[in-house]
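Contents: one structure, followed by commentary.
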Amino acid sequence: MLHTFDFGGLRIPANLPGRPEAAPGGFIVPAGPVALLHPFGETEFYRHGWNSWSPSGWARTDGETIGIKNSPRRLLTADDAANETPHAHSGAAVGAVTGADGNVLLLGALGVGSPRVGADRNVLWGRAEEDQAAWFVAYGPEREVFADYADRVSERLGRRSARAGTVWSSWYSFYEDIDEELVARTASDLAGYPFDVFQLDDGWEPIVGDWVAGPKFPSGMAATARTIADAGFTPGLWLAPLIALPGSEVAQSRPDLLVQDDEGRPLISGYNWGSHYYSLDTTQEEVKDHLREVFESVVGWGFRYLKLDFMYAGAIAGNRRVALHREAAYREAVQHIRSVVGDSVYLLGCGVPMIPSVGVFDGARVGPDVGAFWDNAERVGDPSGVGARNSIVSSLNRTWMKRLYEVDPDAIYFRSERSLLDDAQRQALRDTAAILEFRSTSDPVAWLNSREREQLAEYMKETSVIEQTGRYSFRIDDREVDLTPIMTGTAATDAASLVV
Ligand code: 9PG
């Protein structure tokens with residue numbers, strides 16, 4: 001149907017699937033294709049990435065798009081490869097264009113079905129693979145319309161209230177090189193520092209797909225969880241429960257439990273660990289039973305904070321036993337995991353599809369992996385590439401998501417050893433984590449000098465009062481912090497600090 005929105009005198013002609021209804025901050029439009037004819041001409045478009053690692057941000061409609069270009073393998077992992085057209089201005093679930101008065105026109109989906117939003121100089125459009133989700137349409141000050149959108153999403157999908165507190169993670173120092181002795185030493189060095197969670201990352205399992213103690217943890221995972229608890233921290237563990245490497249026991253013995261491609265073979269759902277990997281078909285009862293066993297044992301070992309990674313692979317396009325839309329299948333799977341672990345276990349999503357995870361996860365990563373360097377020369381132009389700058393840029397473009405769950409910008413650094421980050425860059429990471437209100441690091445105390453140890457203890461103890469004063473400017477307690485130069489690539493530090 002044709003309809004004209006009237007936003008305080010600004011008239012927006014629209015082609016809608018049904019009659020809009022007024023809602024706080026805007027209008028709800030029924031599921032189906034939407035086109036809003038905007039009068040703004042060439043303007044800025046807010047592009048939203050599908051999963052934690054997918055690029056998000058503002059770009060001119062007559063300029064370069066934001067997306068993962070010329071890298072199909074990376075696209076498969078770090079965005080919605082089935083829909084993504086990196087050379088067009090479009091993204092997942094929500095988008096917005098800026099009007100002449102500085103207000104923004106937002107179109108956002110309120111549920112699953114792989115909704116997409118895109119724009120050009122005349123139209124802000126929305127469509128979905130499967131028309132399940134109603135839309136929210138609003139016009140107003142940027143922060144207000146994004147807040148109203150987030151609130152309409154959580155009215156439908158929920159909002160959990162658990163807080164992670166401060167987190168130490170093993171990833172950005174030891175990577176996969178962890179063993180039970182190293183964990184014990186690192187945790188005891190950290191005793192007395194103001195951390196709530198000590199989270200073991202990838203490297204404990206024998207192979208991705210088989211979630212049992214690997215050879216480097218001969219005493220078993222319950223023993224390590226006890227060691228961590230004895231040092232005074234909540235035990236945390238990483239796992240990627242919806243994927244399996246080809247060599248894993250589960251992929252070898254039960255290929256029928258995997259999502260299939262059109263030839264009836266296990267579908268490749270991404271690349272990492274020097275290999276391709278597969279996705280579990282969570283619509284199968286046996287897969288649900290498998291997940292129940294995995295999570296009962298992990299919680300039984302004593303882990304109370306779980307970083308669930310590569311979760312997008314549970315929502316990958318492919319053939320599943322039950323014909324459920326892929327995002328609906330994903331949401332059912334994570335709801336199942338939640339029901340197994342119970343309400344008191346903190347679930348941090350990583351590589352999660354953002355909107356389908358609302359109301360189930362307590363927190364979600366909102367950017368690509370950080371690294372102890374500013375930018376990555378091998379991957380210039382790939383905003384999903386590892387590095388401090390990309391992590392800051394994506395995360396600050398998703399501050400509005402705080403209303404959906406806790407938002408994790410990834411670890412920050414205090415160490416000057418084994419790092420190419422300078423003081424200003426470390427400070428920018430710290431400010432970002434303060435703004436997002438999620439503080440984590442991977443620095444082992446043994447790698448820090450005495451001044452850095454003090455900084456770590458200070459920073460992890462404090463909570464800041466944050467006031468947003470502009471798109472990328474903030475008051476952090478009594479400090480004015482403007483991250484605009486980093487966001488627009490004009491920071492003085494940018495030019496000289498590539499890793500080569
Ligand atoms: C463990 C790591 C850490 C890290 C996670 C995740 O797009 N990619 O190909 C891609 C690969 C790895 C990756 C993220 C993205 O890292 O984000 O914090 O837990 O797994 O293996």
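To be explicit about the labels: the chains of the structure tokens are called A, B, and onward in the order shown, and within each one the residues are counted from 1, while ligands get numbers from 1 in the order they are shown.
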Residue contacts of Leu404 (chain A) (9 Å, only C-alpha atoms) excluding same-chain residues fewer than 5 positions away, as a compact mmCIF listing (two decimals) with C-alpha atoms, in the first residue's frame:
```
# COMPACT_ATOMS: atom_id res chain seq x y z
CA ALA A 150 16.63 -0.92 20.22
CA ASP A 151 13.79 -0.63 22.73
CA VAL A 153 13.55 -4.83 19.43
CA SER A 154 13.93 -5.78 23.08
CA GLY A 158 13.87 -9.55 25.50
CA ARG A 159 16.77 -7.97 27.37
CA ARG A 160 18.85 -9.77 29.97
CA ILE A 355 19.58 -9.21 16.30
CA VAL A 358 18.89 -10.43 21.63
CA GLY A 359 17.27 -11.62 24.85
CA ASP A 362 23.91 -11.40 28.24
CA GLY A 363 26.64 -9.76 26.21
```
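Near region 7-23 of chain A, within 10 Å and counting only C-alpha atoms, sit Met1, Leu2, Ile28, Val29, Pro30, Ala31, Gly32, Pro33, Val34, Ala35, Leu36, Leu37, His38, Pro39, Gly99, Leu105, Val123, Leu124, Trp125, Gly126, Ala134, Trp135, Phe136, Val137, Ala138, Tyr139, Gly140, Asp148 and Arg152 of chain A, not including residues fewer than 5 positions from it in the same chain.
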Output as a tab-separated table one row per residue of chain A within 8 Å of ligand 1: the closest atom pair and its distance in Å to one decimal place, counting only C-alpha atoms and all ligand atoms, sorted by chain and residue number ascending.
```
residue	atom	partner	partner_atom_place_in_ligand_line	distance
A:Trp53	CA	ligand 1	15 (C)	6.5
A:Arg73	CA	ligand 1	9 (O)	8.0
A:Arg74	CA	ligand 1	7 (O)	5.6
A:Leu75	CA	ligand 1	7 (O)	7.7
A:Thr77	CA	ligand 1	7 (O)	5.0
A:Ala78	CA	ligand 1	7 (O)	4.6
A:Trp171	CA	ligand 1	3 (C)	6.0
A:Tyr172	CA	ligand 1	18 (O)	7.7
A:Tyr175	CA	ligand 1	1 (C)	7.3
A:Glu176	CA	ligand 1	21 (O)	7.5
A:Asp201	CA	ligand 1	19 (O)	5.7
A:Asp202	CA	ligand 1	1 (C)	4.8
A:Gly203	CA	ligand 1	21 (O)	7.8
A:Trp238	CA	ligand 1	19 (O)	6.7
A:Gly270	CA	ligand 1	9 (O)	7.5
A:Tyr271	CA	ligand 1	9 (O)	6.3
A:Asn272	CA	ligand 1	9 (O)	5.7
A:Trp273	CA	ligand 1	21 (O)	7.6
A:Lys307	CA	ligand 1	19 (O)	7.7
A:Asp309	CA	ligand 1	20 (O)	6.4
A:Phe310	CA	ligand 1	6 (C)	7.0
A:Cys350	CA	ligand 1	17 (O)	6.1
A:Gly351	CA	ligand 1	17 (O)	6.5
A:Arg365	CA	ligand 1	17 (O)	7.9
A:Pro368	CA	ligand 1	14 (C)	6.4
A:Asp369	CA	ligand 1	17 (O)	5.1
A:Val370	CA	ligand 1	18 (O)	7.9
A:Ser384	CA	ligand 1	7 (O)	6.9
A:Gly385	CA	ligand 1	7 (O)	7.4
A:Val386	CA	ligand 1	15 (C)	7.9
A:Asp410	CA	ligand 1	18 (O)	7.2
```
Dump of N, CA, C and O atoms for the selected residues, as a short mmCIF file (atom, residue, chain, number, x, y, z; two decimals), in the first residue's frame:
```cif
data_model
loop_
_atom_site.label_atom_id
_atom_site.label_comp_id
_atom_site.auth_asym_id
_atom_site.auth_seq_id
_atom_site.Cartn_x
_atom_site.Cartn_y
_atom_site.Cartn_z
N TRP A 53 31.55 -9.56 13.91
CA TRP A 53 32.76 -9.14 13.19
C TRP A 53 32.45 -8.30 11.96
O TRP A 53 33.37 -7.75 11.35
N ARG A 73 36.28 -15.77 1.25
CA ARG A 73 36.41 -16.63 2.44
C ARG A 73 36.15 -15.86 3.71
O ARG A 73 35.52 -16.36 4.65
N ARG A 74 36.69 -14.65 3.74
CA ARG A 74 36.49 -13.83 4.92
C ARG A 74 35.02 -13.42 5.04
O ARG A 74 34.44 -13.40 6.12
N LEU A 75 34.42 -13.13 3.88
CA LEU A 75 33.01 -12.73 3.86
C LEU A 75 32.13 -13.84 4.46
O LEU A 75 31.18 -13.57 5.18
N THR A 77 32.80 -15.88 6.78
CA THR A 77 32.90 -15.93 8.25
C THR A 77 32.42 -14.63 8.89
O THR A 77 31.73 -14.65 9.90
N ALA A 78 32.79 -13.53 8.29
CA ALA A 78 32.63 -12.25 8.99
C ALA A 78 31.46 -11.41 8.49
O ALA A 78 31.34 -10.24 8.87
N TRP A 171 43.19 -15.01 25.37
CA TRP A 171 43.42 -15.01 23.93
C TRP A 171 44.50 -14.06 23.45
O TRP A 171 45.40 -14.45 22.71
N TYR A 172 44.45 -12.79 23.86
CA TYR A 172 45.32 -11.79 23.22
C TYR A 172 46.71 -11.72 23.84
O TYR A 172 47.44 -10.75 23.65
N TYR A 175 47.12 -16.82 23.00
CA TYR A 175 46.44 -17.46 21.88
C TYR A 175 46.20 -18.93 22.19
O TYR A 175 45.75 -19.24 23.29
N GLU A 176 46.51 -19.84 21.25
CA GLU A 176 46.17 -21.25 21.54
C GLU A 176 47.19 -21.94 22.45
O GLU A 176 47.00 -23.10 22.83
N ASP A 201 40.43 -19.08 26.79
CA ASP A 201 39.96 -18.99 25.41
C ASP A 201 40.35 -20.27 24.65
O ASP A 201 40.71 -21.29 25.25
N ASP A 202 40.28 -20.21 23.35
CA ASP A 202 40.57 -21.33 22.46
C ASP A 202 41.94 -21.94 22.81
O ASP A 202 42.88 -21.22 23.12
N GLY A 203 42.03 -23.27 22.72
CA GLY A 203 43.31 -23.95 22.95
C GLY A 203 43.21 -25.05 24.00
O GLY A 203 44.13 -25.84 24.15
N TRP A 238 35.84 -20.54 26.70
CA TRP A 238 35.48 -20.32 25.30
C TRP A 238 35.04 -21.63 24.67
O TRP A 238 35.67 -22.67 24.91
N GLY A 270 32.76 -21.84 6.92
CA GLY A 270 33.77 -20.83 7.21
C GLY A 270 35.16 -21.44 7.19
O GLY A 270 35.32 -22.66 6.97
N TYR A 271 36.14 -20.57 7.39
CA TYR A 271 37.55 -20.98 7.36
C TYR A 271 38.29 -20.40 8.55
O TYR A 271 38.22 -19.21 8.81
N ASN A 272 38.99 -21.24 9.28
CA ASN A 272 39.88 -20.79 10.36
C ASN A 272 40.69 -22.00 10.78
O ASN A 272 40.43 -23.11 10.31
N TRP A 273 41.66 -21.85 11.64
CA TRP A 273 42.53 -22.93 12.10
C TRP A 273 43.15 -23.66 10.90
O TRP A 273 43.30 -24.90 10.90
N LYS A 307 32.05 -17.91 26.72
CA LYS A 307 32.17 -17.12 25.48
C LYS A 307 31.87 -18.08 24.34
O LYS A 307 32.67 -18.98 24.05
N ASP A 309 31.50 -18.81 20.58
CA ASP A 309 32.11 -18.17 19.42
C ASP A 309 31.68 -18.84 18.11
O ASP A 309 31.22 -19.97 18.10
N PHE A 310 31.90 -18.11 17.01
CA PHE A 310 31.58 -18.61 15.66
C PHE A 310 30.11 -19.03 15.57
O PHE A 310 29.75 -19.96 14.86
N CYS A 350 30.00 -14.29 20.56
CA CYS A 350 31.08 -13.78 19.71
C CYS A 350 30.84 -14.35 18.32
O CYS A 350 30.48 -15.51 18.18
N GLY A 351 31.03 -13.52 17.30
CA GLY A 351 30.66 -13.99 15.97
C GLY A 351 29.19 -14.34 15.91
O GLY A 351 28.77 -15.20 15.15
N ARG A 365 30.00 -9.50 21.51
CA ARG A 365 31.11 -8.78 20.86
C ARG A 365 30.53 -7.96 19.74
O ARG A 365 29.68 -8.43 18.98
N PRO A 368 35.45 -6.62 15.29
CA PRO A 368 36.42 -7.66 14.96
C PRO A 368 37.46 -7.81 16.08
O PRO A 368 37.44 -7.05 17.05
N ASP A 369 38.35 -8.77 15.94
CA ASP A 369 39.37 -8.99 16.96
C ASP A 369 40.34 -7.82 17.04
O ASP A 369 40.80 -7.30 16.03
N VAL A 370 40.68 -7.49 18.27
CA VAL A 370 41.70 -6.49 18.51
C VAL A 370 43.06 -7.17 18.31
O VAL A 370 43.15 -8.39 18.17
N SER A 384 36.93 -5.75 8.74
CA SER A 384 36.75 -6.86 9.68
C SER A 384 38.09 -7.48 10.06
O SER A 384 38.14 -8.45 10.81
N GLY A 385 39.18 -6.93 9.53
CA GLY A 385 40.51 -7.47 9.82
C GLY A 385 40.94 -7.19 11.26
O GLY A 385 40.50 -6.22 11.88
N VAL A 386 41.80 -8.06 11.78
CA VAL A 386 42.30 -7.93 13.15
C VAL A 386 43.07 -6.62 13.31
O VAL A 386 43.82 -6.23 12.43
N ASP A 410 36.01 -5.92 22.88
CA ASP A 410 37.20 -6.77 22.89
C ASP A 410 38.26 -6.21 23.84
O ASP A 410 38.10 -5.12 24.40
#
```
Which of region 77-282 of chain A counts as strand (DSSP E or B) under DSSP, as a CSV table (one decimal) with C-alpha atoms, in the first residue's frame please?
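states.csv was written with the following content:
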```
chain,number,residue,atom,x,y,z
A,90,SER,CA,23.2,-2.1,2.4
A,91,GLY,CA,23.4,-4.1,5.6
A,92,ALA,CA,21.6,-6.4,8.0
A,94,VAL,CA,18.8,-1.9,10.4
A,95,GLY,CA,19.8,1.2,8.4
A,96,ALA,CA,19.4,4.9,8.4
A,97,VAL,CA,20.0,8.0,6.3
A,98,THR,CA,20.7,11.5,7.5
A,104,VAL,CA,18.0,10.6,10.7
A,105,LEU,CA,15.4,8.4,9.1
A,106,LEU,CA,15.8,4.9,10.4
A,107,LEU,CA,14.3,1.6,9.2
A,108,GLY,CA,14.9,-1.4,11.3
A,109,ALA,CA,13.6,-5.0,11.6
A,115,PRO,CA,16.1,-8.7,7.0
A,116,ARG,CA,18.2,-6.3,5.0
A,117,VAL,CA,18.2,-2.5,4.7
A,118,GLY,CA,19.9,-0.4,2.0
A,119,ALA,CA,19.8,3.0,0.6
A,123,VAL,CA,15.2,5.3,-1.3
A,124,LEU,CA,15.7,3.7,2.0
A,125,TRP,CA,14.5,0.1,1.5
A,126,GLY,CA,14.0,-3.0,3.6
A,127,ARG,CA,13.3,-6.6,2.6
A,128,ALA,CA,13.9,-10.0,4.1
A,135,TRP,CA,9.7,-2.9,10.9
A,136,PHE,CA,10.2,0.1,12.9
A,137,VAL,CA,10.3,3.5,11.1
A,138,ALA,CA,11.4,6.7,12.8
A,139,TYR,CA,12.8,10.1,12.1
A,140,GLY,CA,14.5,12.2,14.7
A,167,VAL,CA,37.2,-10.0,32.5
A,168,TRP,CA,40.7,-11.4,31.9
A,169,SER,CA,40.9,-13.6,28.8
A,197,VAL,CA,36.1,-13.4,35.5
A,198,PHE,CA,39.1,-15.3,34.3
A,199,GLN,CA,38.2,-16.7,30.9
A,200,LEU,CA,40.1,-19.5,29.1
A,207,ILE,CA,40.0,-30.0,18.3
A,210,ASP,CA,35.0,-32.0,20.4
A,234,THR,CA,34.6,-16.7,38.2
A,235,PRO,CA,35.8,-19.5,35.8
A,236,GLY,CA,35.1,-18.6,32.2
A,237,LEU,CA,35.5,-20.8,29.1
A,238,TRP,CA,35.5,-20.3,25.3
A,239,LEU,CA,33.8,-22.7,23.0
A,243,ILE,CA,30.9,-25.7,14.4
A,244,ALA,CA,33.2,-28.7,13.9
A,258,LEU,CA,25.9,-31.3,9.9
A,260,GLN,CA,24.3,-29.9,4.1
A,266,PRO,CA,28.5,-31.2,4.7
A,268,ILE,CA,31.5,-25.4,4.4
A,269,SER,CA,30.4,-22.6,6.7
A,270,GLY,CA,33.8,-20.8,7.2
A,271,TYR,CA,37.5,-21.0,7.4
A,272,ASN,CA,39.9,-20.8,10.4
A,275,SER,CA,41.0,-25.4,7.5
A,276,HIS,CA,37.4,-25.2,6.5
A,277,TYR,CA,34.8,-26.1,9.1
A,278,TYR,CA,31.1,-27.3,9.2
A,279,SER,CA,28.0,-26.3,11.0
A,280,LEU,CA,25.8,-28.5,13.2
```
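Take the candidates A:Glu462, A:Glu437, A:Asp120, A:Asp79 and check each one against Ser52 (chain A) using only C-alpha atoms; the shortest distance goes to A:Asp79.
Among A:Trp447, A:Phe45, A:Phe217, A:Phe438, the residue with the shortest atom-to-atom distance to Phe414 (chain A), counting only C-alpha atoms, is A:Trp447.
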Worksheet item: Pick the closest to Ala313 (chain A) from A:Gly220, A:Leu348, A:Asn51, A:Leu456: which is it, counting only C-alpha atoms?
Response: A:Asn51
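With only C-alpha atoms as the atoms that count, the minimum distance from Trp211 (chain A) to the choices A:Glu249, A:Glu378, A:Glu417, A:Asp80 is reached by A:Glu249.
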Response to the item:
One residue among A:Val208, A:Ala59, A:Ala164, A:Ile178 is nearest to Leu347 (chain A) when using only C-alpha atoms, and that residue is A:Ala164
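The gap separating CA of Gly489 (chain A) from CA of Ser391 (chain A) is 13.3 Å, in Å to one decimal.
Remark: for Asp281 (chain A), the closest of the candidate residues A:Gly264, A:Ser253, A:Ala329, A:Gly381 is A:Ala329 (distances computed over only C-alpha atoms).
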Worksheet item: Skipping near chain neighbours, those fewer than 3 positions away, what residues fall within 9 Å of Arg331 (chain A) using only C-alpha atoms, listed as an MDAnalysis selection string?
Response: chainID A and resid 112 314:315 326:328 334:336 356:357 360
Worksheet item: Do you know which residues are at most 7 Å from Ile68 (chain A) counting only C-alpha atoms, after dropping those on the same chain fewer than 2 positions away, and could you put them as a PyMOL selection string?
Response: chain A and resi 70-71+75+86+382-384
Restricted to N, CA, C and O atoms, what would the selected residues look like written as an mmCIF file, in the first residue's frame?
```
data_model
loop_
_atom_site.group_PDB
_atom_site.id
_atom_site.type_symbol
_atom_site.label_atom_id
_atom_site.label_comp_id
_atom_site.auth_asym_id
_atom_site.auth_seq_id
_atom_site.Cartn_x
_atom_site.Cartn_y
_atom_site.Cartn_z
ATOM 1 N N ASN A 70 36.438 -8.267 -1.993
ATOM 2 C CA ASN A 70 37.430 -9.131 -2.653
ATOM 3 C C ASN A 70 37.988 -10.210 -1.742
ATOM 4 O O ASN A 70 39.157 -10.561 -1.837
ATOM 5 N N SER A 71 37.187 -10.715 -0.855
ATOM 6 C CA SER A 71 37.668 -11.751 0.039
ATOM 7 C C SER A 71 36.513 -12.684 0.420
ATOM 8 O O SER A 71 35.967 -12.614 1.511
ATOM 9 N N LEU A 75 34.416 -13.126 3.884
ATOM 10 C CA LEU A 75 33.008 -12.733 3.864
ATOM 11 C C LEU A 75 32.134 -13.838 4.460
ATOM 12 O O LEU A 75 31.178 -13.571 5.180
ATOM 13 N N PRO A 86 28.982 -6.240 -1.100
ATOM 14 C CA PRO A 86 29.857 -5.248 -0.455
ATOM 15 C C PRO A 86 30.010 -3.948 -1.240
ATOM 16 O O PRO A 86 30.445 -2.947 -0.682
ATOM 17 N N ASP A 382 39.890 -3.897 4.659
ATOM 18 C CA ASP A 382 38.974 -4.897 5.201
ATOM 19 C C ASP A 382 38.674 -4.504 6.651
ATOM 20 O O ASP A 382 39.461 -4.769 7.549
ATOM 21 N N PRO A 383 37.533 -3.868 6.860
ATOM 22 C CA PRO A 383 37.232 -3.377 8.211
ATOM 23 C C PRO A 383 36.968 -4.499 9.210
ATOM 24 O O PRO A 383 36.816 -4.233 10.396
ATOM 25 N N SER A 384 36.932 -5.750 8.741
ATOM 26 C CA SER A 384 36.749 -6.862 9.678
ATOM 27 C C SER A 384 38.091 -7.481 10.061
ATOM 28 O O SER A 384 38.144 -8.447 10.810
#
```
Discussion item. Taking 3 positions as the minimum chain separation for residues in the same chain, which residues sit within 10 Å of Arg143 (chain A) when counting only C-alpha atoms? Answer as a list in words.
Written reply: Asn103, Val104, Gly140, Phe146, Ala147, Asp148, Tyr149, Thr399, Trp400, Gln468, Gly470 and Arg471 of chain A
Find the residues around Gln427 (chain A) up to 10 Å (only C-alpha atoms counted), leave out those fewer than 6 positions away in its own chain, and share them as a tab-separated table (two decimals) with C-alpha atoms, in the first residue's frame.
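Saved result, selection.tsv, follows:
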```tsv
chain	number	residue	atom	x	y	z
A	412	ILE	CA	42.41	-3.63	25.81
A	413	TYR	CA	46.13	-3.47	26.48
A	414	PHE	CA	48.27	-2.15	29.30
A	421	LEU	CA	50.64	0.10	20.26
A	433	ALA	CA	35.98	0.07	26.66
```
